[in-house]
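K.L.:
One structure is given below, represented as C-alpha cells, and several questions about it will come after.
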Amino acid sequence: MRRRRLRIAFLALPAMLGSVLIGTPPAGADPVESTSTAGSAHSHHDHPESAQLVRIGLTGADMLDKVVDAGFDIDHGLKRVPTGIEGEAVVTAEQITELEAMGVRILAEDEGFEWPEEADGGFGAGAAAARAVQPLSHAQTVRVVRADWFTTKGQGFLYVEARTTEGQQASPVVMMQLENDSGQGSSFGFARTMSRFVDSGQYMFHRNLFKLDTRPSQIRVTSSTGGVTTGSVSNWLEDAPPPLTENPGYQYDFIDGYKHPQQLFSRAEEIARQYPDIAQIIYLPNKTNGYQRKAQATIGGTGQAAVVVSSAAWGHEGGNDVTVEFVERPGADLPLTVEVAGKAVRVLLAKNAAGALASTAAEVAAAVETGSQGLIDRAHPYRTNTGTGIVVPTSGPVALTDFLDEKRVGAPEGEVPRGPATVPVLRIGKHRDGRNPGVLIQAQDHAREWVPATTTLETAERLVRNYKTDKDTKKIVNDTDIFLILSNNPDGANYSFYNFASQRKNLTNHCPDADADPARRNSWGVDLNRNYRVGSAHDGYAGGSFSCISGTYQGPEKLSEPEAENIVWLVEEYSNIKFMMSVHSNGGQLFWQPGAYIADGRITTPRPPMGDEAFYWQSASRILSQVKAYRETVVTPENVGGSSDVLYSSAGNVREDLYHTYGIYAFGWEVGGSIYNPATGNWQGGSFQPPWAGDPALVSGHSETMEYANGIMEMFRIAAEWGKDKKKPTSELVPGGGKYSGPVDVRFETSEPATIYYTTDGSRPTLDSPRYESTDFREPGQVFHVTETTTFRWFSVDTAGNVEKNYDPENGNRNNYRMATITIGQR
Ligand SMILES: [Zn+2]
C-alpha cells in the first residue's frame with residue numbers, strides 16, 4: 001500500500017547559502033567559538049548544555065502541558081494528529097531521557113502518524129463490522145462540520161470533519177465512517193474510518209484527510225450508533241483571483257537573505273527617509289531589557305563545593321573585567337576574608353586549627369556577596385545544592401564573562417550593540433491621522449523565527465516601491481494605516497543570530513538561584529506571546545509556564561516585559577488599529593480566537609460571535625488563497641481556526657488580549673510548515689531557519705517570504721475594504737414566516753458575515769438580546785425546532801458595525817427590526 005506522510009523530519013538543515021547574508025548552521029547545533037584565552041578560561045560546566053532538535057510524539061494536550069511545565073522548549077511546528085500531537089523539541093541528551101520517562105515518544109525520521117491512503121472499508125473492516133448500522137434512523141446525531149476539497153501541485157485532497165452528539169460517550173466509543181461520491185449524481189463508496197479527536201478530555205469531532213483524483217460532490221457520514229447524514233463538498237482556496245505580483249510592472253522579491261535586527265531596523269528607518277510622503281517611524285516607548293548579560297562563572301565543579309558568581313555590572317559595562325580567585329594561605333586558624341584590588345576579587349579561604357581548608361560554598365558565596373565591594377552582587381551554591389562542600393582553591397583568577405562574545409559558527413559579521421534596544425515601528429499610509437483602519441503586523445516575538453521578519457520587510461518594500469505605479473498598492477496605502485514591527489524581540493533575535501540559533505524567548509533572566517548559573521543561559525527569558533493579560537496562565541489557563549526555564553515561561557506577572565507593554569501602548573495610542581497579525585513560524589497555520597482554555601473542562605476564552613467567526617473564515621480564505629498563488633502552498637483547513645481548537649491552548653497570547661480588550665481582529669500566523677512534494681507524494685515539514693535559497697519547490701526561506709508577503713498584502717486589502725464598508729447586511733429566517741402544518745426547523749442566513757440578535761418573547765431586539773450562535777464550534781448556525789407558533793424579532797450587524805435596515809437597537813422608539821411569525825397548525 002502506498003502511504004503518505006503528513007510530516008517528515010527536518011533535522012539536518014544544510015548550510016546552502018547562495019546569496020544569504022549570513023551562514024545558517026544546522027539548527028539546534030549552536031556551536032560556539034570560544035574567544036577566551038589562557039588564564040581567563042571558564043570551566044567546562046559553564047558551557048550551555050548542548051541542545052539538539054528532535055521529533056516527538058505526545059498523546060495529547062494533557063501531556064503537552066506537563067512537558068511544557070517541566071521546562072521543555074516545545075512549541076511551533078506542532079501539529080495535531082489523530083494519535084495526539086507531533087512536533088519538535090530543542091533538548092539536551094539528558095532531557096531526551098526525561099521526556100521518555102514522561103511517556104513522550106522520540107520519533108525517528110520516517111516515523112509519525114500517516115492517514116491511510118486507501119479506503120479501509122469503514123465499519124466493514126475489523127471489529128466495528130459487528131455493530132449494526134441503520135441509516136436514517138436518527139440523522140440528527142451526526143452533523144458534517146466541514147468538507148473541503150483542495151488541490152496542490154496536481155494532486156486533489158478531501159478533508160472532512162464531522163461530529164456526533166454521542167462523541168463524548170466513553171463506552172462504547174462511537175465510530176464514524178466517511179464515504180464520498182465521485183461527482184454529481186454518482187454513488188457513495190470508498191468507506192473510510194474517521195479518526196476521533198479528543199482534547200483535554202473533551203470530544204471535538206471526527207476527521208479524515210486523504211488524496212483523491214476526482215472532486216467529490218457529496219459525502220456521507222455514518223455513525224456506529226446508526227446516525228447518518230450527507231453534506232456538500234466545498235472548495236478550499238480553489239477559486240483565487242491572481243495575486244498583485246501578476247499586475248503589470250509590479251515589483252517584488254526585494255530580500256536577499258535573512259536579516260538580523262540591526263539590518264531590519266536600519267532598513268525601516270531608511271524607508272521612512274526615502275518615502276516621507278507615505279512612511280514614518282514610530283519608536284516604541286519601552287526599551288527592551290537589552291542584549292546584555294551579567295558576567296558569570298561557576299567555580300569548583302557542580303557539587304556541594306561549587307559557587308556561582310554573577311557581576312553587579314553588565315558584562316560590557318565592566319562585569320567582563322572582574323576576576324574571582326579562591327586562595328589557600330599557609331597556616332592554621334585562618335578566617336574567611338575577601339580582598340578586592342581593582343576588579344580582582346580574592347577570597348582567602350578559612351582554615352581550621354589543624355590547618356585544613358574550612359570554608360563551605362555557602363559561606364564563600366555569602367562572603368563574596370558582602371565583601372566584593374559591589375563587584376559581585378549575586379553568589380550562591382550551584383542549582384539546588386545547599387553548599388555544604390569545602391571550597392578548594394582555584395589555580396588562578398577566574399575571569400567572569402557574559403558569554404555574549406562567544407559567537408555561534410556562521411554568525412553574521414559585526415558587533416551587536418549591547419544594552420537596551422528601541423524598537424521602531426514602520427508606519428506606512430498616505431493618511432496617518434487615524435481616519436483609516438490600522439493594521440498591525442508584528443513579527444518575531446519568537447527570536448528564532450527568522451522568516452516572519454523577512455516576510456514583513458518584503459511587505460514594506462512592496463508597498464513603498466509600487467505605490468506610485470500600481471493602482472492596487474496605491475489603494476492599499478491610501479485606504480489603510482499600516483504598522484509594521486519587523487522584530488518585536490531584537491535582543492532574543494540577536495542571541496539567535498549570534499549565540500544560540502534556537503533561542504525563542506527574550507533575554508530577560510527572571511530565574512532564581514537554582515536556575516541562574518550560566519549553563520542555563522540558553523533557557524532563560526520570557527515567552528513574549530504568553531505575557532499578555534487575557535486567558536493568562538496566571539488565571540489558570542493552560543499553555544503558559546511558571547517555570548523560568550520553560551520555553552513558554554509567561555513571566556513573573558502579566559505584561560512584565562517591555563516588548564509586550566509596547567504592543568499595548570501602540571494599540572491604545574493608535575486606536576484606529578483594527579487588524580493585527582502576529583507572525584510566527586513554522587506550522588503552516590492561521591489562527592484566531594479562542595486561543596486558550598482552562599484545561600479542566602476545556603473552558604475556552606469566549607468564542608467570537610458568528611459574524612466575527614464568519615469574517616475570520618472569509619478573511620483566512622482570501623489571505624491563504626494569495627499565499628497559494630505563489631507556488632501552490634496550501635494551508636489546510638485542519639490548521640485554520642481558533643488556535644486552541646486546532647492546535648493547543650496558549651495562555652496569555654497577544655491575539656487573545658487584542659481581540660477581547662480592544663475588539664481588534666487579531667490573527668496569528670505560522671508561516672512555513674508542511675508543503676506537498678509531488679515527487680515523493682509526501683508533505684515536507686518546515687523549520688525555523690530553512691536554507692534561504694533552497695529548492696523553490698521545497699522548504700526555503702525565500703519562497704516562504706514571497707508567498708506569505710502575498711498573504712499579508714491581501715490582509716491589507718481586507719482592512720481597506722472593511723474601512724469603506726457602508727453596506728448594511730441583510731438576513732433571512734429560512735424557511736420564512738407563514739403557516740406550517742407541523743413542527744418546522746428554521747435557521748437564520750445573512751448576506752455577509754454578520755451577527756444576529758433576536759427575541760421570541762415579543763420584546764424588541766437589542767444588543768443584550770440572545771445572539772444567534774453556531775450549532776457547535778466550526779459549524780454553521782444553529783437550527784431552531786419550532787413546535788408552536790412563534791414570532792422572531794431580530795436584526796443583524798456586520799463586522800464593520802453596519803446595522804441591518806439602519807435599525808438603532810439603543811433607541812427604544814425605533815422598531816424597524818426584522819420580524820417573522822411561524823404559525824404552527826391549521827385553523
Ligand atoms: Zn512563534
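Ligands are numbered from 1 in the order shown, chains are lettered A, B, ... in the order of the C-alpha cells, and residues start at 1 in each chain.
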Counting only C-alpha atoms and all ligand atoms, name the residues that have an atom within 7 Å of an atom of ligand 1; the answer should be given as a tab-separated table (two decimals) with N, CA and C atoms, in the first residue's frame.
P.N.:
chain	number	residue	atom	x	y	z
A	76	HIS	N	5.54	25.38	18.41
A	76	HIS	CA	5.67	25.66	16.98
A	76	HIS	C	6.07	24.40	16.22
A	444	GLN	N	8.27	38.21	14.74
A	444	GLN	CA	9.40	37.76	15.55
A	444	GLN	C	9.27	38.08	17.04
A	445	ASP	N	8.11	37.83	17.62
A	445	ASP	CA	8.04	37.73	19.08
A	445	ASP	C	9.00	36.63	19.53
A	446	HIS	N	9.08	35.62	18.68
A	446	HIS	CA	9.95	34.48	18.99
A	446	HIS	C	11.23	34.59	18.16
A	449	GLU	N	12.53	32.70	14.93
A	449	GLU	CA	11.67	32.68	13.76
A	449	GLU	C	12.11	33.79	12.82
A	584	HIS	N	4.40	34.25	13.05
A	584	HIS	CA	5.30	33.24	13.62
A	584	HIS	C	5.68	32.24	12.55
A	585	SER	N	6.59	31.33	12.92
A	585	SER	CA	6.86	30.17	12.08
A	585	SER	C	7.07	28.99	13.02
K.L.:
Write out as number ranges by chain all residues of range 50-254 of chain A that backbone DSSP assigns to strand (DSSP E).
P.N.:
A: 52-58, 79-81, 84-91, 105-107, 142-152, 155-164, 176-180, 189-193, 195-199, 202-212, 218-223, 228-232, 234-235
K.L.:
Neighbouring residues of Asp148 in chain A were defined as those with any atom within 6 Å, considering only C-alpha atoms; residues of the same chain fewer than 6 positions away were excluded. Please report them as a list in words.
P.N.:
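Result of the neighbour search: Leu158, Tyr159, Val233, Ser234, Asn235 and Trp236 of chain A.
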K.L.:
May I have the selected residues written with C-alpha atoms, as a PDB file, in the first residue's frame?
P.N.:
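Okay, out-v2.pdb is ready:
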ATOM      1  CA  LEU A 158     -10.523  15.890   0.631  1.00  0.00           C
ATOM      2  CA  TYR A 159     -10.612  16.997   4.255  1.00  0.00           C
ATOM      3  CA  VAL A 233     -18.164  19.386  -0.603  1.00  0.00           C
ATOM      4  CA  SER A 234     -16.832  22.949  -0.666  1.00  0.00           C
ATOM      5  CA  ASN A 235     -13.761  24.313  -2.395  1.00  0.00           C
ATOM      6  CA  TRP A 236     -10.855  25.423  -0.234  1.00  0.00           C
TER       7      TRP A 236
END
K.L.:
Any idea what the distance is between CA of Ile756 in chain A and CA of Asn436 in chain A?
P.N.:
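Pair CA of Ile756 in chain A / CA of Asn436 in chain A returns 26.5 Å.
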K.L.:
State, in Å with one decimal place, the distance from CA of Val451 in chain A to CA of Gly701 in chain A.
P.N.:
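Here the two named atoms are 6.0 Å from each other.
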K.L.:
List the neighbours of Val416 in chain A out to 12 Å using only C-alpha atoms; skip same-chain residues closer than 6 positions along the sequence, and give me the result as an mmCIF file with N, CA and C atoms, in the first residue's frame.
P.N.:
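As written to disk, part11.cif reads:
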data_model
loop_
_atom_site.group_PDB
_atom_site.id
_atom_site.type_symbol
_atom_site.label_atom_id
_atom_site.label_comp_id
_atom_site.auth_asym_id
_atom_site.auth_seq_id
_atom_site.Cartn_x
_atom_site.Cartn_y
_atom_site.Cartn_z
ATOM 1 N N HIS A 260 19.315 40.302 10.472
ATOM 2 C CA HIS A 260 19.305 40.454 11.926
ATOM 3 C C HIS A 260 18.659 41.803 12.278
ATOM 4 N N PRO A 261 18.348 42.019 13.540
ATOM 5 C CA PRO A 261 17.550 43.201 13.903
ATOM 6 C C PRO A 261 18.171 44.525 13.467
ATOM 7 N N GLN A 262 19.508 44.653 13.548
ATOM 8 C CA GLN A 262 20.119 45.927 13.151
ATOM 9 C C GLN A 262 19.839 46.207 11.683
ATOM 10 N N GLN A 263 19.894 45.157 10.861
ATOM 11 C CA GLN A 263 19.610 45.331 9.428
ATOM 12 C C GLN A 263 18.140 45.684 9.207
ATOM 13 N N GLY A 290 17.417 44.443 26.892
ATOM 14 C CA GLY A 290 18.754 44.566 26.333
ATOM 15 C C GLY A 290 19.456 43.276 25.954
ATOM 16 N N TYR A 291 20.276 43.414 24.911
ATOM 17 C CA TYR A 291 21.222 42.356 24.567
ATOM 18 C C TYR A 291 22.405 42.561 25.504
ATOM 19 N N GLN A 292 22.306 42.015 26.672
ATOM 20 C CA GLN A 292 23.333 42.212 27.695
ATOM 21 C C GLN A 292 23.119 41.159 28.774
ATOM 22 N N HIS A 316 29.378 44.054 29.491
ATOM 23 C CA HIS A 316 30.020 45.066 28.650
ATOM 24 C C HIS A 316 30.281 46.361 29.409
ATOM 25 N N LEU A 404 28.551 36.690 25.749
ATOM 26 C CA LEU A 404 27.985 37.211 24.504
ATOM 27 C C LEU A 404 29.035 37.360 23.408
ATOM 28 N N ASP A 405 30.310 37.322 23.785
ATOM 29 C CA ASP A 405 31.361 37.384 22.760
ATOM 30 C C ASP A 405 31.644 36.028 22.143
ATOM 31 N N GLU A 406 31.061 34.995 22.719
ATOM 32 C CA GLU A 406 31.266 33.671 22.143
ATOM 33 C C GLU A 406 30.305 33.521 20.982
ATOM 34 N N LYS A 407 30.801 33.625 19.783
ATOM 35 C CA LYS A 407 29.885 33.630 18.633
ATOM 36 C C LYS A 407 29.621 32.240 18.100
ATOM 37 N N PRO A 490 14.200 42.030 19.492
ATOM 38 C CA PRO A 490 15.547 42.174 18.928
ATOM 39 C C PRO A 490 16.636 41.566 19.809
ATOM 40 N N ASP A 491 16.476 41.626 21.127
ATOM 41 C CA ASP A 491 17.508 41.039 21.999
ATOM 42 C C ASP A 491 17.597 39.528 21.749
ATOM 43 N N GLY A 492 16.445 38.897 21.778
ATOM 44 C CA GLY A 492 16.427 37.447 21.550
ATOM 45 C C GLY A 492 16.865 37.101 20.139
ATOM 46 N N ALA A 493 16.442 37.938 19.166
ATOM 47 C CA ALA A 493 16.818 37.656 17.773
ATOM 48 C C ALA A 493 18.322 37.753 17.594
ATOM 49 N N ASN A 494 18.945 38.749 18.204
ATOM 50 C CA ASN A 494 20.401 38.820 18.128
ATOM 51 C C ASN A 494 21.041 37.595 18.766
ATOM 52 N N TYR A 495 20.488 37.176 19.862
ATOM 53 C CA TYR A 495 21.017 35.976 20.515
ATOM 54 C C TYR A 495 20.874 34.772 19.589
ATOM 55 N N SER A 496 19.753 34.728 18.862
ATOM 56 C CA SER A 496 19.540 33.631 17.911
ATOM 57 C C SER A 496 20.532 33.698 16.756
ATOM 58 N N PHE A 497 20.820 34.902 16.269
ATOM 59 C CA PHE A 497 21.767 35.040 15.164
ATOM 60 C C PHE A 497 23.211 34.803 15.619
ATOM 61 N N TYR A 498 23.558 35.322 16.803
ATOM 62 C CA TYR A 498 24.972 35.359 17.183
ATOM 63 C C TYR A 498 25.381 34.259 18.156
ATOM 64 N N ASN A 499 24.435 33.769 18.984
ATOM 65 C CA ASN A 499 24.851 32.887 20.068
ATOM 66 C C ASN A 499 24.189 31.515 20.039
#
K.L.:
If we count only C-alpha atoms and set the cut-off at 9 Å, which residues sit around Arg521 in chain A, ignoring sequence neighbours fewer than 2 positions away in its own chain? Please answer as a PDB file with N, CA, C and O atoms, in the first residue's frame.
P.N.:
ATOM      1  N   PRO A  48      26.839  26.012  27.802  1.00  0.00           N
ATOM      2  CA  PRO A  48      25.421  25.663  27.828  1.00  0.00           C
ATOM      3  C   PRO A  48      25.263  24.203  27.454  1.00  0.00           C
ATOM      4  O   PRO A  48      26.013  23.688  26.639  1.00  0.00           O
ATOM      5  N   LEU A 507      15.594  38.023  26.376  1.00  0.00           N
ATOM      6  CA  LEU A 507      16.822  37.705  27.120  1.00  0.00           C
ATOM      7  C   LEU A 507      16.709  37.964  28.621  1.00  0.00           C
ATOM      8  O   LEU A 507      17.684  37.836  29.339  1.00  0.00           O
ATOM      9  N   ASN A 509      16.411  37.551  32.324  1.00  0.00           N
ATOM     10  CA  ASN A 509      16.603  36.416  33.227  1.00  0.00           C
ATOM     11  C   ASN A 509      15.842  36.657  34.525  1.00  0.00           C
ATOM     12  O   ASN A 509      16.254  37.449  35.361  1.00  0.00           O
ATOM     13  N   ASP A 515      18.339  28.207  39.052  1.00  0.00           N
ATOM     14  CA  ASP A 515      18.449  28.129  37.589  1.00  0.00           C
ATOM     15  C   ASP A 515      19.245  29.293  37.013  1.00  0.00           C
ATOM     16  O   ASP A 515      19.148  29.585  35.827  1.00  0.00           O
ATOM     17  N   ALA A 516      20.029  29.960  37.854  1.00  0.00           N
ATOM     18  CA  ALA A 516      20.695  31.191  37.419  1.00  0.00           C
ATOM     19  C   ALA A 516      22.149  30.996  37.024  1.00  0.00           C
ATOM     20  O   ALA A 516      22.826  31.952  36.676  1.00  0.00           O
ATOM     21  N   ASP A 517      22.655  29.761  37.086  1.00  0.00           N
ATOM     22  CA  ASP A 517      24.052  29.565  36.686  1.00  0.00           C
ATOM     23  C   ASP A 517      24.152  29.639  35.172  1.00  0.00           C
ATOM     24  O   ASP A 517      23.187  29.370  34.449  1.00  0.00           O
ATOM     25  N   PRO A 518      25.338  30.001  34.656  1.00  0.00           N
ATOM     26  CA  PRO A 518      25.440  30.299  33.222  1.00  0.00           C
ATOM     27  C   PRO A 518      25.185  29.117  32.292  1.00  0.00           C
ATOM     28  O   PRO A 518      24.840  29.333  31.129  1.00  0.00           O
ATOM     29  N   ALA A 519      25.295  27.893  32.766  1.00  0.00           N
ATOM     30  CA  ALA A 519      24.981  26.777  31.878  1.00  0.00           C
ATOM     31  C   ALA A 519      23.495  26.754  31.511  1.00  0.00           C
ATOM     32  O   ALA A 519      23.089  26.078  30.576  1.00  0.00           O
ATOM     33  N   SER A 523      18.278  28.872  28.360  1.00  0.00           N
ATOM     34  CA  SER A 523      16.888  28.575  28.752  1.00  0.00           C
ATOM     35  C   SER A 523      16.204  29.736  29.450  1.00  0.00           C
ATOM     36  O   SER A 523      15.037  29.643  29.797  1.00  0.00           O
ATOM     37  N   TRP A 524      16.937  30.836  29.677  1.00  0.00           N
ATOM     38  CA  TRP A 524      16.301  31.977  30.339  1.00  0.00           C
ATOM     39  C   TRP A 524      15.414  32.741  29.350  1.00  0.00           C
ATOM     40  O   TRP A 524      15.463  32.535  28.151  1.00  0.00           O
ATOM     41  N   GLY A 525      14.660  33.675  29.905  1.00  0.00           N
ATOM     42  CA  GLY A 525      13.865  34.563  29.055  1.00  0.00           C
ATOM     43  C   GLY A 525      12.375  34.312  29.215  1.00  0.00           C
ATOM     44  O   GLY A 525      11.949  33.298  29.765  1.00  0.00           O
ATOM     45  N   ILE A 549      12.670  28.513  33.140  1.00  0.00           N
ATOM     46  CA  ILE A 549      13.485  27.913  32.082  1.00  0.00           C
ATOM     47  C   ILE A 549      12.630  27.181  31.049  1.00  0.00           C
ATOM     48  O   ILE A 549      13.157  26.556  30.132  1.00  0.00           O
TER      49      ILE A 549
END
K.L.:
Give me, as CSV, the closest atom pair and its distance (Å, one decimal) for every residue of range 220-263 of chain A within a cut-off of 9 Å of range 171-186 of chain A, counting only C-alpha atoms, rows sorted by chain and rising number.
P.N.:
residue,atom,partner,partner_atom,distance
A:Arg220,CA,A:Glu179,CA,5.1
A:Val221,CA,A:Leu178,CA,4.6
A:Thr222,CA,A:Gln177,CA,5.3
A:Ser223,CA,A:Met176,CA,4.3
A:Ser224,CA,A:Met175,CA,5.1
A:Thr225,CA,A:Val174,CA,6.7
K.L.:
Go ahead and dump the residues you just picked, N, CA, C and O atoms, as an mmCIF file, in the first residue's frame.
P.N.:
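The file below, selection_11.cif, is the result:
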data_model
loop_
_atom_site.group_PDB
_atom_site.id
_atom_site.type_symbol
_atom_site.label_atom_id
_atom_site.label_comp_id
_atom_site.auth_asym_id
_atom_site.auth_seq_id
_atom_site.Cartn_x
_atom_site.Cartn_y
_atom_site.Cartn_z
ATOM 1 N N ARG A 220 -20.982 11.226 2.677
ATOM 2 C CA ARG A 220 -21.946 10.641 3.609
ATOM 3 C C ARG A 220 -21.174 10.175 4.830
ATOM 4 O O ARG A 220 -20.147 9.515 4.712
ATOM 5 N N VAL A 221 -21.674 10.549 5.996
ATOM 6 C CA VAL A 221 -21.022 10.156 7.251
ATOM 7 C C VAL A 221 -22.015 9.327 8.060
ATOM 8 O O VAL A 221 -23.178 9.703 8.210
ATOM 9 N N THR A 222 -21.552 8.194 8.540
ATOM 10 C CA THR A 222 -22.406 7.267 9.279
ATOM 11 C C THR A 222 -21.755 6.963 10.618
ATOM 12 O O THR A 222 -20.541 6.746 10.683
ATOM 13 N N SER A 223 -22.569 6.959 11.685
ATOM 14 C CA SER A 223 -22.005 6.617 12.989
ATOM 15 C C SER A 223 -22.317 5.173 13.327
ATOM 16 O O SER A 223 -23.270 4.581 12.806
ATOM 17 N N SER A 224 -21.519 4.606 14.208
ATOM 18 C CA SER A 224 -21.723 3.210 14.591
ATOM 19 C C SER A 224 -22.983 3.032 15.428
ATOM 20 O O SER A 224 -23.399 1.917 15.696
ATOM 21 N N THR A 225 -23.617 4.137 15.837
ATOM 22 C CA THR A 225 -24.889 4.030 16.555
ATOM 23 C C THR A 225 -26.064 4.307 15.629
ATOM 24 O O THR A 225 -27.189 4.448 16.079
#
K.L.:
Give the helix (DSSP H, G or I) residues of range 395-525 of chain A, as assigned by DSSP on the backbone, as a PyMOL selection string.
P.N.:
chain A and resi 451-466+471-479+490-498+513-515+518-523
K.L.:
Could you jot down the CA of Pro420 in chain A to CA of Pro285 in chain A separation for me, Å, one decimal place?
P.N.:
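Those two atoms sit 11.8 Å apart.
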K.L.:
Set out as a tab-separated table a contact list for range 741-795 of chain A and range 813-818 of chain A with a cut-off of 6 Å, giving each residue of range 741-795 of chain A that qualifies its closest atom pair and distance in Å to one decimal, counting only C-alpha atoms, ordered by chain and rising residue number.
P.N.:
residue	atom	partner	partner_atom	distance
A:Arg793	CA	A:Arg818	CA	5.6
A:Trp794	CA	A:Arg818	CA	5.1
A:Phe795	CA	A:Tyr817	CA	5.5
K.L.:
Would you write out those residues with N, CA, C and O atoms, as a tab-separated table (two decimals), in the first residue's frame?
P.N.:
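Generated file (part.tsv):
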chain	number	residue	atom	x	y	z
A	793	ARG	N	-38.16	38.27	16.29
A	793	ARG	CA	-37.78	39.66	16.01
A	793	ARG	C	-36.26	39.72	16.05
A	793	ARG	O	-35.64	39.22	16.99
A	794	TRP	N	-35.65	40.35	15.05
A	794	TRP	CA	-34.18	40.31	15.02
A	794	TRP	C	-33.60	41.43	14.17
A	794	TRP	O	-34.32	42.12	13.44
A	795	PHE	N	-32.30	41.58	14.31
A	795	PHE	CA	-31.54	42.44	13.39
A	795	PHE	C	-30.14	41.86	13.29
A	795	PHE	O	-29.71	41.06	14.12
